[in-house]
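> I am sharing work.txt, which consists of compact mmCIF, C-alpha atoms:
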```
# COMPACT_ATOMS: atom_id res chain seq x y z
CA MET A 1 27.03 -56.62 0.16
CA GLY A 2 25.51 -53.80 -1.82
CA ARG A 3 21.89 -52.85 -2.10
CA PRO A 4 19.94 -55.13 -4.51
CA PRO A 5 18.84 -53.43 -7.69
CA CYS A 6 15.27 -52.21 -7.67
CA GLN A 7 12.92 -50.80 -10.25
CA HIS A 8 12.50 -46.96 -10.06
CA LEU A 9 9.21 -45.21 -10.73
CA GLN A 10 8.70 -41.50 -11.42
CA TYR A 11 5.68 -39.82 -9.83
CA ALA A 12 4.18 -36.37 -10.26
CA LYS A 13 1.56 -37.02 -7.58
CA SER A 14 1.10 -40.29 -5.73
CA PRO A 15 -0.28 -41.54 -2.40
CA MET A 16 3.27 -42.78 -1.76
CA LEU A 17 4.41 -39.15 -1.37
CA ALA A 18 3.16 -39.25 2.19
CA THR A 19 6.42 -40.94 3.13
CA LEU A 20 8.35 -37.79 2.15
CA THR A 21 7.31 -34.48 3.71
CA VAL A 22 8.36 -31.33 1.86
CA PRO A 23 7.14 -27.74 2.16
CA LYS A 24 3.96 -26.70 0.42
CA GLY A 25 4.72 -24.95 -2.86
CA VAL A 26 7.99 -26.74 -3.57
CA LEU A 27 8.24 -28.16 -7.07
CA LEU A 28 8.57 -31.88 -6.32
CA LEU A 29 9.74 -34.57 -8.70
CA LEU A 30 10.30 -37.90 -7.00
CA VAL A 31 12.10 -40.96 -8.25
CA LEU A 32 11.18 -43.41 -5.52
CA SER A 33 12.92 -46.69 -4.99
CA ILE A 34 10.39 -49.31 -3.94
CA CYS A 35 13.08 -50.83 -1.73
CA ALA A 36 14.17 -47.58 -0.04
CA VAL A 37 10.86 -45.77 0.40
CA GLY A 38 10.24 -47.41 3.76
CA VAL A 39 13.42 -46.01 5.33
CA LEU A 40 13.34 -42.45 3.95
CA GLY A 41 10.98 -41.30 6.69
CA ALA A 42 9.89 -37.64 6.72
CA ILE A 43 12.21 -34.99 5.29
CA ASP A 44 11.62 -31.29 5.96
CA ILE A 45 13.24 -28.61 3.80
CA THR A 46 13.13 -24.84 4.50
CA PRO A 47 12.75 -22.35 2.95
CA GLU A 48 10.30 -23.35 0.24
CA GLN A 49 11.97 -21.11 -2.35
CA LEU A 50 15.30 -19.31 -2.67
CA ASN A 51 14.49 -15.82 -3.96
CA PHE A 52 17.38 -13.38 -4.07
CA ASP A 53 15.33 -10.29 -4.94
CA ALA A 54 18.20 -7.80 -5.28
CA VAL A 55 21.87 -8.72 -5.56
CA LEU A 56 24.30 -5.94 -6.41
CA LEU A 57 26.33 -6.39 -9.54
CA GLU A 58 29.75 -7.90 -8.78
CA SER A 59 28.57 -8.65 -5.24
CA SER A 60 26.78 -11.57 -3.58
CA ALA A 61 23.97 -12.45 -1.17
CA GLN A 62 23.52 -15.49 1.03
CA LYS A 63 20.64 -17.54 2.45
CA THR A 64 20.54 -20.61 4.66
CA MET A 65 18.73 -23.83 3.76
CA THR A 66 17.90 -26.34 6.49
CA ILE A 67 17.22 -30.06 5.94
CA THR A 68 15.98 -32.34 8.72
CA SER A 69 15.00 -36.03 8.76
CA ASP A 70 13.26 -38.32 11.25
CA SER A 71 14.59 -41.51 9.63
CA ASP A 72 16.57 -43.92 11.80
CA THR A 73 18.69 -44.54 8.73
CA VAL A 74 21.33 -41.96 7.83
CA LEU A 75 20.37 -40.28 4.55
CA PHE A 76 22.68 -38.64 2.06
CA VAL A 77 21.89 -35.56 -0.02
CA GLU A 78 23.69 -34.00 -2.95
CA PRO A 79 22.68 -30.39 -3.90
CA ILE A 80 23.15 -29.36 -7.55
CA ALA A 81 22.14 -25.99 -9.06
CA SER A 82 20.46 -26.18 -12.46
CA GLY A 83 18.71 -23.93 -14.94
CA ASP A 84 19.71 -20.30 -15.56
CA THR A 85 20.95 -19.95 -11.97
CA SER A 86 23.48 -22.78 -12.30
CA SER A 87 26.18 -20.23 -13.11
CA ASN A 88 25.58 -17.90 -10.15
CA ILE A 89 24.27 -20.18 -7.37
CA ARG A 90 26.85 -21.75 -5.09
CA VAL A 91 26.31 -24.15 -2.17
CA SER A 92 28.70 -24.07 0.80
CA ALA A 93 29.31 -27.85 0.70
CA SER A 94 29.16 -30.43 -2.06
CA GLY A 95 27.61 -33.84 -1.66
CA PRO A 96 27.04 -36.41 -0.68
CA LEU A 97 26.25 -34.89 2.74
CA ALA A 98 24.95 -36.93 5.65
CA VAL A 99 21.56 -36.13 7.16
CA LYS A 100 21.16 -37.78 10.54
CA LYS A 101 17.93 -38.24 12.48
CA ASP A 102 16.72 -34.99 14.12
CA VAL A 103 20.06 -33.27 13.40
CA PRO A 104 19.45 -30.29 11.08
CA LEU A 105 21.80 -29.99 8.12
CA GLN A 106 22.35 -26.34 7.23
CA LEU A 107 23.60 -25.32 3.82
CA LYS A 108 24.76 -21.82 2.92
CA VAL A 109 23.44 -20.91 -0.53
CA GLU A 110 25.16 -17.96 -2.16
CA ALA A 111 23.88 -15.97 -5.15
CA GLN A 112 26.52 -14.07 -7.13
CA GLY A 113 25.78 -10.89 -9.05
CA THR A 114 27.53 -11.84 -12.27
CA ALA A 115 25.14 -10.17 -14.76
CA LEU A 116 22.31 -7.65 -14.60
CA GLY A 117 18.74 -8.91 -14.72
CA LEU A 118 16.74 -11.87 -13.50
CA SER A 119 17.74 -15.51 -13.75
CA GLN A 120 15.68 -18.48 -12.61
CA GLY A 121 16.36 -22.14 -12.01
CA THR A 122 16.25 -24.80 -9.33
CA LEU A 123 18.43 -26.26 -6.61
CA ASP A 124 18.15 -30.02 -7.12
CA LEU A 125 18.45 -32.15 -3.98
CA TYR A 126 19.18 -35.86 -4.55
CA PHE A 127 18.44 -38.09 -1.51
CA SER A 128 19.59 -41.67 -0.99
CA THR A 129 20.34 -44.17 1.74
CA SER A 130 23.72 -44.74 0.09
CA ASP A 131 26.56 -42.24 -0.27
CA THR A 132 27.38 -43.43 -3.78
CA ASN A 133 25.71 -43.12 -7.14
CA LEU A 134 23.31 -40.39 -6.02
CA GLY A 135 22.32 -38.85 -9.41
CA THR A 136 19.83 -41.02 -11.27
CA ALA A 137 20.14 -43.81 -8.70
CA SER A 138 18.77 -41.60 -5.90
CA ASP A 139 15.76 -42.59 -3.87
CA ALA A 140 14.24 -39.08 -3.91
CA PHE A 141 14.68 -36.00 -6.07
CA VAL A 142 13.43 -32.57 -4.84
CA GLN A 143 13.61 -29.29 -6.76
CA ILE A 144 13.71 -26.00 -4.87
CA PRO A 145 12.88 -23.03 -7.16
CA THR A 146 15.58 -20.37 -7.26
CA ALA A 147 15.53 -16.80 -8.57
CA VAL A 148 18.33 -14.22 -8.61
CA SER A 149 17.73 -10.57 -9.52
CA VAL A 150 20.92 -8.58 -10.05
CA VAL A 151 20.78 -4.77 -9.92
CA SER A 152 23.43 -2.20 -10.77
CA GLN A 153 25.76 -0.48 -8.35
CA GLY A 154 25.54 3.25 -7.79
CA LYS A 155 22.58 5.59 -8.05
CA ARG A 156 19.82 3.15 -9.08
CA GLN A 157 19.06 0.51 -6.50
CA LEU A 158 15.46 -0.66 -6.08
CA LEU A 159 14.54 -3.54 -3.80
CA VAL A 160 11.22 -5.36 -3.53
CA LYS A 161 11.13 -6.49 0.09
CA ASP A 162 7.74 -8.21 0.08
CA SER A 163 4.77 -8.96 -2.19
CA PHE A 164 1.23 -10.09 -1.40
CA VAL A 165 -2.15 -10.43 -3.13
CA SER A 166 -5.23 -10.38 -0.92
CA ASN A 167 -8.21 -12.64 -1.36
CA THR A 168 -11.42 -11.12 -2.67
CA GLU A 169 -15.00 -12.13 -3.32
CA VAL A 170 -16.85 -12.69 -6.56
CA GLY A 171 -17.27 -9.34 -8.28
CA GLY A 172 -14.70 -7.70 -6.02
CA ILE A 173 -11.19 -6.27 -6.31
CA ALA A 174 -8.03 -8.02 -5.13
CA ASN A 175 -5.29 -5.91 -3.57
CA LEU A 176 -1.66 -6.25 -4.62
CA ALA A 177 0.73 -4.99 -1.94
CA LEU A 178 4.39 -4.39 -2.84
CA SER A 179 6.96 -3.24 -0.30
CA PHE A 180 9.67 -1.18 -2.00
CA GLU A 181 12.98 0.18 -0.80
CA ASN A 182 14.79 2.70 -2.96
CA ALA A 183 18.34 2.45 -1.66
CA GLY A 184 19.71 4.66 -4.45
CA SER A 185 20.16 8.39 -4.77
CA VAL A 186 17.64 9.08 -7.56
CA ASP A 187 13.84 8.93 -7.73
CA LEU A 188 12.56 5.83 -9.52
CA GLU A 189 9.41 4.94 -11.45
CA PRO A 190 9.26 1.14 -11.67
CA VAL A 191 6.69 -0.47 -13.97
CA ILE A 192 4.48 -3.19 -12.48
CA THR A 193 2.78 -5.61 -14.86
CA VAL A 194 0.17 -8.02 -13.48
CA THR A 195 -1.35 -10.85 -15.52
CA ILE A 196 -4.13 -12.94 -13.97
CA ASP A 197 -4.49 -16.55 -15.10
CA HIS A 198 -2.54 -15.84 -18.31
CA GLY A 199 -5.42 -13.59 -19.37
CA SER A 200 -6.17 -9.97 -18.50
CA THR A 201 -3.16 -7.73 -17.88
CA GLN A 202 -2.90 -4.53 -15.87
CA ARG A 203 0.01 -2.09 -15.85
CA PHE A 204 0.95 0.32 -13.05
CA ILE A 205 3.70 2.89 -12.63
CA ALA A 206 4.95 3.60 -9.11
CA LYS A 207 6.87 6.65 -7.95
CA ILE A 208 9.44 6.09 -5.23
CA ARG A 209 11.69 8.85 -3.92
CA ALA A 210 15.38 8.31 -3.31
CA LEU A 211 16.21 6.61 0.00
CA ASP A 212 12.51 5.97 0.65
CA ALA A 213 10.86 2.75 1.82
CA LEU A 214 7.14 2.24 1.52
CA THR A 215 4.37 -0.27 0.82
CA MET A 216 2.16 0.50 -2.18
CA HIS A 217 -1.24 -0.98 -3.01
CA PHE A 218 -2.57 -1.68 -6.50
CA PRO A 219 -6.18 -2.74 -7.24
CA LEU A 220 -6.48 -5.88 -9.34
CA LEU A 221 -9.74 -6.16 -11.23
CA ALA A 222 -11.24 -9.54 -10.45
CA SER A 223 -14.90 -8.87 -11.24
CA ASN A 224 -14.92 -11.41 -14.08
CA LEU A 225 -13.28 -14.21 -12.09
CA ALA A 226 -15.20 -17.20 -10.84
CA GLY A 227 -14.83 -18.48 -7.33
CA GLY A 228 -11.73 -20.54 -6.62
CA THR A 229 -7.95 -20.17 -6.67
CA HIS A 230 -6.28 -17.93 -9.26
CA GLU A 231 -2.71 -16.93 -10.09
CA ALA A 232 -1.31 -13.44 -10.55
CA SER A 233 1.98 -13.11 -12.43
CA ILE A 234 3.81 -10.08 -10.99
CA ILE A 235 6.68 -8.52 -12.95
CA VAL A 236 8.46 -5.40 -11.66
CA LYS A 237 10.95 -3.64 -13.91
CA ASP A 238 13.14 -0.62 -13.29
CA ASN A 239 14.92 0.91 -16.26
CA ASP A 240 14.03 -2.24 -18.29
CA ILE A 241 15.76 -4.44 -15.72
CA THR A 242 13.56 -7.09 -14.09
CA ILE A 243 13.56 -6.67 -10.32
CA LEU A 244 10.79 -9.14 -9.50
CA ASP A 245 9.14 -11.97 -11.44
CA ARG A 246 6.81 -13.95 -9.22
CA ILE A 247 3.53 -15.87 -9.35
CA ILE A 248 1.24 -15.35 -6.36
CA SER A 249 -1.91 -17.35 -5.74
CA PHE A 250 -5.06 -15.79 -4.33
CA SER A 251 -8.65 -16.87 -3.80
CA VAL A 252 -11.94 -15.50 -5.07
CA LEU A 253 -14.53 -16.29 -2.41
CA PRO A 254 -18.32 -16.49 -2.68
CA SER A 255 -19.92 -13.10 -2.15
CA VAL A 256 -20.86 -12.51 1.48
CA SER A 257 -22.42 -9.09 1.70
CA ASP A 258 -22.14 -8.64 5.46
CA THR A 259 -18.35 -9.02 5.48
CA LYS A 260 -17.80 -5.90 3.37
CA GLN A 261 -19.49 -2.81 4.68
CA GLY A 262 -18.59 0.85 4.66
CA ASP A 263 -19.99 4.35 4.33
CA ILE A 264 -19.11 8.03 4.38
CA VAL A 265 -19.63 9.03 8.00
CA ASP A 266 -18.70 12.71 7.95
CA VAL A 267 -17.75 15.69 5.81
CA ILE A 268 -15.31 17.99 7.59
CA LEU A 269 -14.99 21.67 6.63
CA PRO A 270 -12.92 24.46 8.22
CA GLN A 271 -14.78 26.61 10.75
CA GLN A 272 -13.52 29.87 9.29
CA ASN A 273 -13.87 30.43 5.56
CA ALA A 274 -13.60 33.49 3.37
CA ILE A 275 -14.49 34.27 -0.21
CA GLY A 276 -11.38 34.16 -2.39
CA ASN A 277 -9.47 31.79 -0.11
CA GLU A 278 -8.96 28.09 -0.90
CA ILE A 279 -11.08 25.75 1.23
CA THR A 280 -10.04 22.10 1.77
CA GLY A 281 -12.58 19.65 3.11
CA GLY A 282 -12.25 16.07 4.27
CA ILE A 283 -14.64 13.21 3.43
CA VAL A 284 -14.39 10.51 6.10
CA PHE A 285 -14.98 6.92 4.92
CA LYS A 286 -15.29 4.15 7.51
CA ASN A 287 -14.82 0.44 6.76
CA SER A 288 -17.28 -1.11 9.18
CA GLY A 289 -16.94 -4.63 7.75
CA GLN A 290 -14.70 -7.57 8.47
CA GLU A 291 -12.47 -7.35 5.38
CA PRO A 292 -10.13 -4.69 3.92
CA LEU A 293 -11.62 -2.58 1.15
CA MET A 294 -10.20 -0.89 -1.91
CA THR A 295 -12.35 2.24 -1.92
CA THR A 296 -12.79 5.15 -4.30
CA VAL A 297 -14.39 8.36 -3.00
CA LYS A 298 -15.73 10.81 -5.59
CA THR A 299 -16.71 14.34 -4.56
CA ASP A 300 -18.34 17.21 -6.44
CA VAL A 301 -18.60 20.82 -5.27
CA ASN A 302 -21.66 22.52 -6.76
CA LYS A 303 -22.55 26.22 -6.98
CA ASP A 304 -25.79 27.31 -8.65
CA ASN A 305 -26.29 23.79 -10.11
CA SER A 306 -22.82 23.81 -11.71
CA ILE A 307 -19.85 21.68 -10.67
CA ILE A 308 -16.94 23.98 -9.80
CA ALA A 309 -14.60 21.33 -8.36
CA HIS A 310 -14.22 17.53 -8.48
CA SER A 311 -11.97 15.09 -6.68
CA GLU A 312 -11.50 11.33 -6.97
CA GLU A 313 -9.28 9.44 -4.56
CA THR A 314 -8.67 5.68 -4.24
CA PHE A 315 -7.18 4.13 -1.13
CA PHE A 316 -6.88 0.86 0.81
CA VAL A 317 -8.91 0.81 4.04
CA PRO A 318 -8.25 -1.99 6.57
CA ALA A 319 -11.23 -3.52 8.39
CA LYS A 320 -12.72 -1.29 11.11
CA GLN A 321 -10.54 1.64 10.05
CA THR A 322 -11.24 5.05 8.50
CA GLU A 323 -9.62 7.00 5.69
CA ILE A 324 -10.08 10.63 4.62
CA ALA A 325 -10.44 11.81 1.03
CA ARG A 326 -9.88 15.50 0.31
CA VAL A 327 -11.47 18.08 -1.95
CA SER A 328 -10.32 21.67 -2.46
CA PHE A 329 -12.07 24.64 -4.04
CA THR A 330 -11.89 28.43 -4.03
CA PRO A 331 -15.22 30.28 -3.66
CA LYS A 332 -15.47 33.38 -5.84
CA THR A 333 -18.88 34.69 -4.82
CA SER A 334 -21.28 34.50 -1.92
CA GLY A 335 -24.02 31.89 -1.78
CA SER A 336 -24.54 28.19 -1.07
CA TYR A 337 -21.85 25.62 -1.92
CA LEU A 338 -23.00 21.98 -1.95
CA ILE A 339 -20.38 19.27 -1.29
CA ALA A 340 -21.68 15.86 -2.45
CA SER A 341 -19.68 12.63 -2.02
CA LYS A 342 -20.13 8.94 -2.89
CA ALA A 343 -17.91 5.93 -2.11
CA TYR A 344 -17.34 2.94 -4.41
CA PHE A 345 -16.16 -0.44 -3.08
CA ALA A 346 -16.69 -4.16 -3.81
CA GLY A 347 -18.98 -3.37 -6.72
CA ARG A 348 -21.21 -1.14 -4.61
CA VAL A 349 -21.95 2.57 -4.34
CA THR A 350 -22.94 4.34 -1.14
CA ASP A 351 -25.72 6.88 -0.89
CA VAL A 352 -24.76 10.48 -1.58
CA THR A 353 -23.53 12.33 1.50
CA GLN A 354 -24.08 16.10 1.28
CA ARG A 355 -22.89 19.11 3.20
CA THR A 356 -23.85 22.72 2.48
CA LEU A 357 -21.52 25.64 3.12
CA GLU A 358 -23.05 29.12 3.24
CA LEU A 359 -20.74 31.98 2.35
CA SER A 360 -21.62 35.66 2.15
CA THR A 361 -20.10 39.12 2.40
CA THR A 362 -21.82 39.59 5.77
CA ASP A 363 -18.58 39.76 7.63
CA GLU A 364 -17.17 42.31 5.22
CA SER A 365 -20.46 44.34 5.19
CA LEU A 366 -20.62 44.16 8.96
CA GLY A 367 -17.15 45.63 9.13
CA ALA A 368 -18.19 48.52 6.87
CA GLY A 369 -21.41 48.95 8.82
CA GLN A 370 -19.52 49.06 12.05
CA TYR A 371 -17.24 51.70 10.55
CA ILE A 372 -20.20 53.82 9.42
CA PHE A 373 -21.85 53.34 12.80
CA VAL A 374 -18.74 54.55 14.60
CA VAL A 375 -18.49 57.59 12.33
CA PHE A 376 -22.18 58.28 12.82
CA LEU A 377 -21.85 57.92 16.59
CA VAL A 378 -18.88 60.24 16.70
CA GLY A 379 -20.87 62.76 14.63
CA ILE A 380 -23.82 62.58 17.01
CA LEU A 381 -21.55 63.03 20.02
CA PHE A 382 -19.87 65.97 18.33
CA ILE A 383 -23.20 67.65 17.45
CA THR A 384 -24.59 66.97 20.91
CA SER A 385 -21.48 68.38 22.51
CA TYR A 386 -21.64 71.42 20.21
CA LYS A 387 -25.30 72.11 21.01
CA LYS A 388 -24.66 71.75 24.71
CA ARG A 389 -21.70 74.08 24.53
CA PHE A 390 -23.76 76.45 22.39
CA ARG A 391 -26.50 76.49 25.03
CA LEU A 392 -23.92 77.06 27.72
CA ASP A 393 -22.41 79.85 25.71
CA LYS A 394 -25.82 81.48 25.23
CA ARG A 395 -26.62 81.14 28.89
CA GLY A 396 -23.23 82.54 29.81
CA GLU A 397 -23.79 85.47 27.47
CA GLN A 398 -27.20 86.17 29.06
CA ILE A 399 -25.76 86.09 32.57
CA LEU A 400 -22.93 88.35 31.50
CA HIS A 401 -25.47 90.78 29.97
CA GLU A 402 -27.50 90.81 33.18
CA GLU A 403 -24.39 91.41 35.25
CA LEU A 404 -23.42 94.33 33.03
CA GLU A 405 -26.89 95.90 33.37
CA GLN A 406 -26.76 95.49 37.13
CA HIS A 407 -23.32 97.03 37.21
CA GLU A 408 -24.56 100.03 35.16
CA ARG A 409 -27.51 100.55 37.49
CA SER A 410 -25.24 100.46 40.48
CA SER A 411 -22.99 103.04 38.90
CA LEU A 412 -25.90 105.44 38.23
CA ARG A 413 -26.78 105.39 41.82
```
Translate the structure of the given file into structure tokens.


Amino acid sequence: MGRPPCQHLQYAKSPMLATLTVPKGVLLLLVLSICAVGVLGAIDITPEQLNFDAVLLESSAQKTMTITSDSDTVLFVEPIASGDTSSNIRVSASGPLAVKKDVPLQLKVEAQGTALGLSQGTLDLYFSTSDTNLGTASDAFVQIPTAVSVVSQGKRQLLVKDSFVSNTEVGGIANLALSFENAGSVDLEPVITVTIDHGSTQRFIAKIRALDALTMHFPLLASNLAGGTHEASIIVKDNDITILDRIISFSVLPSVSDTKQGDIVDVILPQQNAIGNEITGGIVFKNSGQEPLMTTVKTDVNKDNSIIAHSEETFFVPAKQTEIARVSFTPKTSGSYLIASKAYFAGRVTDVTQRTLELSTTDESLGAGQYIFVVFLVGILFITSYKKRFRLDKRGEQILHEELEQHERSSLR
């Protein structure tokens, strides 16, 4: 005897959803049968999303989806790809597929690189306690978001391996971290566009060398955002081809001043410096707080009340870590050179840290003085030796004269 017909209700959010456990973040549309809801039990689906970030053209990539149930009743599921990805998403088995209690059902989901660019859709999972008439007669309907980004074969091949937006506080700056891998043979300059809450938009250009893999950080201005949860729409394009299109949530927290602390703790200069040679100094910033900081260090080099060099460097400093900003200048004349630095982070500015470098021609003058001294000393030794020899010669001449006189007297005798 078949299952008696029951009225179906569609819910966006309902207390009855507690009977069906799905991952956080999954787009969930349920058509619950009042008769079947008691036997569905808890269903767990991983992963939450199927994002194929880089599939080579005319190639394919594969991910595994796992479905588990704790229901004593055998459930049946039918997976169907829909949306723009319906043409290039394939599931290893077609439904209805049995899901038994505590026995994971694994499905191989394959994305095919049929056309360049980004396509998005969903993988629709229809659940029922019956293996017939799944479709609209199903007891539960779950949508797993899918995204497939297809890139070209050959020299250009950019992958986005990971993306993350850090939390910040009111008046602060959120940090967007993107992990890139350039698997091609040419340098790339992808364009990153970030839109927060469908409002303000920022645009960045990254530079990634061929065969290089790195994580890059981009400061997101959040000073005008109120406390709470916000969404950042991240779009990465290379050569006008969309590599990544993703929405990432982040939180703006109430300002807590003692969690963000930092200062310039040292200014490092070379021990040996010379006029006319380039000098590179290091300004050491330490994040002494409990949260990572996006910090900008600005440095001026002053000579005779005029700025002769300026540097401005922005970097991401993890909690309890240090980072060094650099400034270079070439002294032309002797005198005092004042290096003055300030750090900017979380809407604050540190006190000015100064270091004075004294340069003069003393070393060069000392070398000339030493040379003159040596010449002078040699001259004195020469004159002294000459006078001594002269006195000896005079004395010798006197003795010789006396000896000659004595010899003459002896001869007269």

> Can you tell me which residues surround segment 328-342 of chain A at a distance of at most 7 Å, considering only C-alpha atoms, apart from same-chain residues fewer than 2 positions away, and format the answer as a ChimeraX atom specification?

/A:275-281,297-303,309,326,344,349-361

> Using all atoms listed in the file, which residues sit within 10 Å of segment 247-251 of chain A once same-chain residues fewer than 5 positions away are excluded, as a ChimeraX atom specification?

/A:163-170,174-176,194-197,225-235

> Which residue is closest to Gln143 of chain A? Choose from A:Glu312, A:Leu50, A:Ser130, A:Leu221 and count all atoms listed in the file.

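Among the listed residues, A:Leu50 lies closest to Gln143 of chain A.
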
> With distances taken over all atoms listed in the file, which residue among A:Val103, A:Phe218, A:Val327, A:Thr314 lies nearest Leu269 of chain A?

A:Val327

> List as a PyMOL selection string the protein and nucleic acid residues near Val267 of chain A, meaning an atom at most 7 Å away when only C-alpha atoms are counted, but skip any in the same chain fewer than 5 places from it.

chain A and resi 282-284+355

> Using C-alpha atoms, can you write the selected residues to a file as an mmCIF file, keeping the file's coordinate frame?


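Listed below is the output, selection-v5.cif:
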```cif
data_model
loop_
_atom_site.group_PDB
_atom_site.id
_atom_site.type_symbol
_atom_site.label_atom_id
_atom_site.label_comp_id
_atom_site.auth_asym_id
_atom_site.auth_seq_id
_atom_site.Cartn_x
_atom_site.Cartn_y
_atom_site.Cartn_z
ATOM 1 C CA GLY A 282 -12.250 16.070 4.270
ATOM 2 C CA ILE A 283 -14.640 13.210 3.430
ATOM 3 C CA VAL A 284 -14.390 10.510 6.100
ATOM 4 C CA ARG A 355 -22.890 19.110 3.200
#
```

> For Glu323 of chain A, work out the shell of residues within 8 Å, counting all atoms listed in the file and skipping chain neighbours fewer than 4 positions away, then give it as a PyMOL selection string.

chain A and resi 284-286+315+317

> Near Lys207 of chain A, counting all atoms listed in the file, which residues have an atom at most 10 Å away, once you skip same-chain residues fewer than 2 positions from it, shown as number ranges by chain?

A: 187-191, 205, 209-210, 216

> Measuring atom to atom with all atoms listed in the file, identify which of A:Gly347, A:Ile324, A:Leu123, A:Ser311 is nearest to Ser86 of chain A.

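Closest to Ser86 of chain A, using all atoms listed in the file: A:Leu123.
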
> In Å, rounded to a single decimal, give me how far atom CA of Asn224 of chain A is from atom CA of Gln321 of chain A.

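Value for the atom CA of Gln321 of chain A-atom CA of Asn224 of chain A distance: 27.8 Å.
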
> Using all atoms listed in the file - which residues lie no farther than 9 Å from the point (21.8, -32.9, 3.5) in the file's frame? Write them as a VMD selection string.

chain A and resid 66 to 68 75 to 79 95 to 100 104 to 107 125 to 127

> Quick one: write out the picked residues with C-alpha atoms as a PDB file, keeping the file's coordinate frame?


```
ATOM      1  CA  THR A  66      17.900 -26.340   6.490  1.00  0.00           C
ATOM      2  CA  ILE A  67      17.220 -30.060   5.940  1.00  0.00           C
ATOM      3  CA  THR A  68      15.980 -32.340   8.720  1.00  0.00           C
ATOM      4  CA  LEU A  75      20.370 -40.280   4.550  1.00  0.00           C
ATOM      5  CA  PHE A  76      22.680 -38.640   2.060  1.00  0.00           C
ATOM      6  CA  VAL A  77      21.890 -35.560  -0.020  1.00  0.00           C
ATOM      7  CA  GLU A  78      23.690 -34.000  -2.950  1.00  0.00           C
ATOM      8  CA  PRO A  79      22.680 -30.390  -3.900  1.00  0.00           C
ATOM      9  CA  GLY A  95      27.610 -33.840  -1.660  1.00  0.00           C
ATOM     10  CA  PRO A  96      27.040 -36.410  -0.680  1.00  0.00           C
ATOM     11  CA  LEU A  97      26.250 -34.890   2.740  1.00  0.00           C
ATOM     12  CA  ALA A  98      24.950 -36.930   5.650  1.00  0.00           C
ATOM     13  CA  VAL A  99      21.560 -36.130   7.160  1.00  0.00           C
ATOM     14  CA  LYS A 100      21.160 -37.780  10.540  1.00  0.00           C
ATOM     15  CA  PRO A 104      19.450 -30.290  11.080  1.00  0.00           C
ATOM     16  CA  LEU A 105      21.800 -29.990   8.120  1.00  0.00           C
ATOM     17  CA  GLN A 106      22.350 -26.340   7.230  1.00  0.00           C
ATOM     18  CA  LEU A 107      23.600 -25.320   3.820  1.00  0.00           C
ATOM     19  CA  LEU A 125      18.450 -32.150  -3.980  1.00  0.00           C
ATOM     20  CA  TYR A 126      19.180 -35.860  -4.550  1.00  0.00           C
ATOM     21  CA  PHE A 127      18.440 -38.090  -1.510  1.00  0.00           C
TER      22      PHE A 127
END
```

> What does the distance from atom CA of Lys108 of chain A to atom CA of Gln120 of chain A come to in Å, to one decimal?

18.3 Å

> So, with only C-alpha atoms as the atoms that count, which of A:Leu158, A:Leu57, A:Val150, A:Ala319 lies closest to Ser185 of chain A?

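Among the listed residues, the smallest separation from Ser185 of chain A belongs to A:Leu158.
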
> Using all atoms listed in the file, tabulate the residues of segment 191-301 of chain A lying at most 9 Å from any atom of segment 179-183 of chain A, each with its closest atom pair and that distance in Å to one decimal, by chain and increasing residue number, as CSV.


```
residue,atom,partner,partner_atom,distance
A:Ile208,CA,A:Asn182,CA,6.7
A:Arg209,CA,A:Asn182,CA,7.0
A:Ala210,CA,A:Asn182,CA,5.7
A:Leu211,CA,A:Ala183,CA,5.0
A:Asp212,CA,A:Asn182,CA,5.4
A:Ala213,CA,A:Glu181,CA,4.2
A:Leu214,CA,A:Phe180,CA,5.5
A:Thr215,CA,A:Ser179,CA,4.1
A:Met216,CA,A:Ser179,CA,6.4
A:His217,CA,A:Ser179,CA,8.9
```

> Can you tell me, as lines of an AutoDock Vina configuration file, the centre and edge lengths (Å, one decimal) of the axis-aligned box enclosing all of segment 180-192 of chain A's listed atoms after padding each side by 3 Å?


```
center_x = 12.3
center_y = 2.9
center_z = -7.4
size_x = 21.7
size_y = 18.3
size_z = 19.2
```

> To one decimal place, how far is atom CA of Phe204 of chain A from atom CA of Thr242 of chain A in Å?

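That distance, rounded to one decimal, is 14.7 Å.
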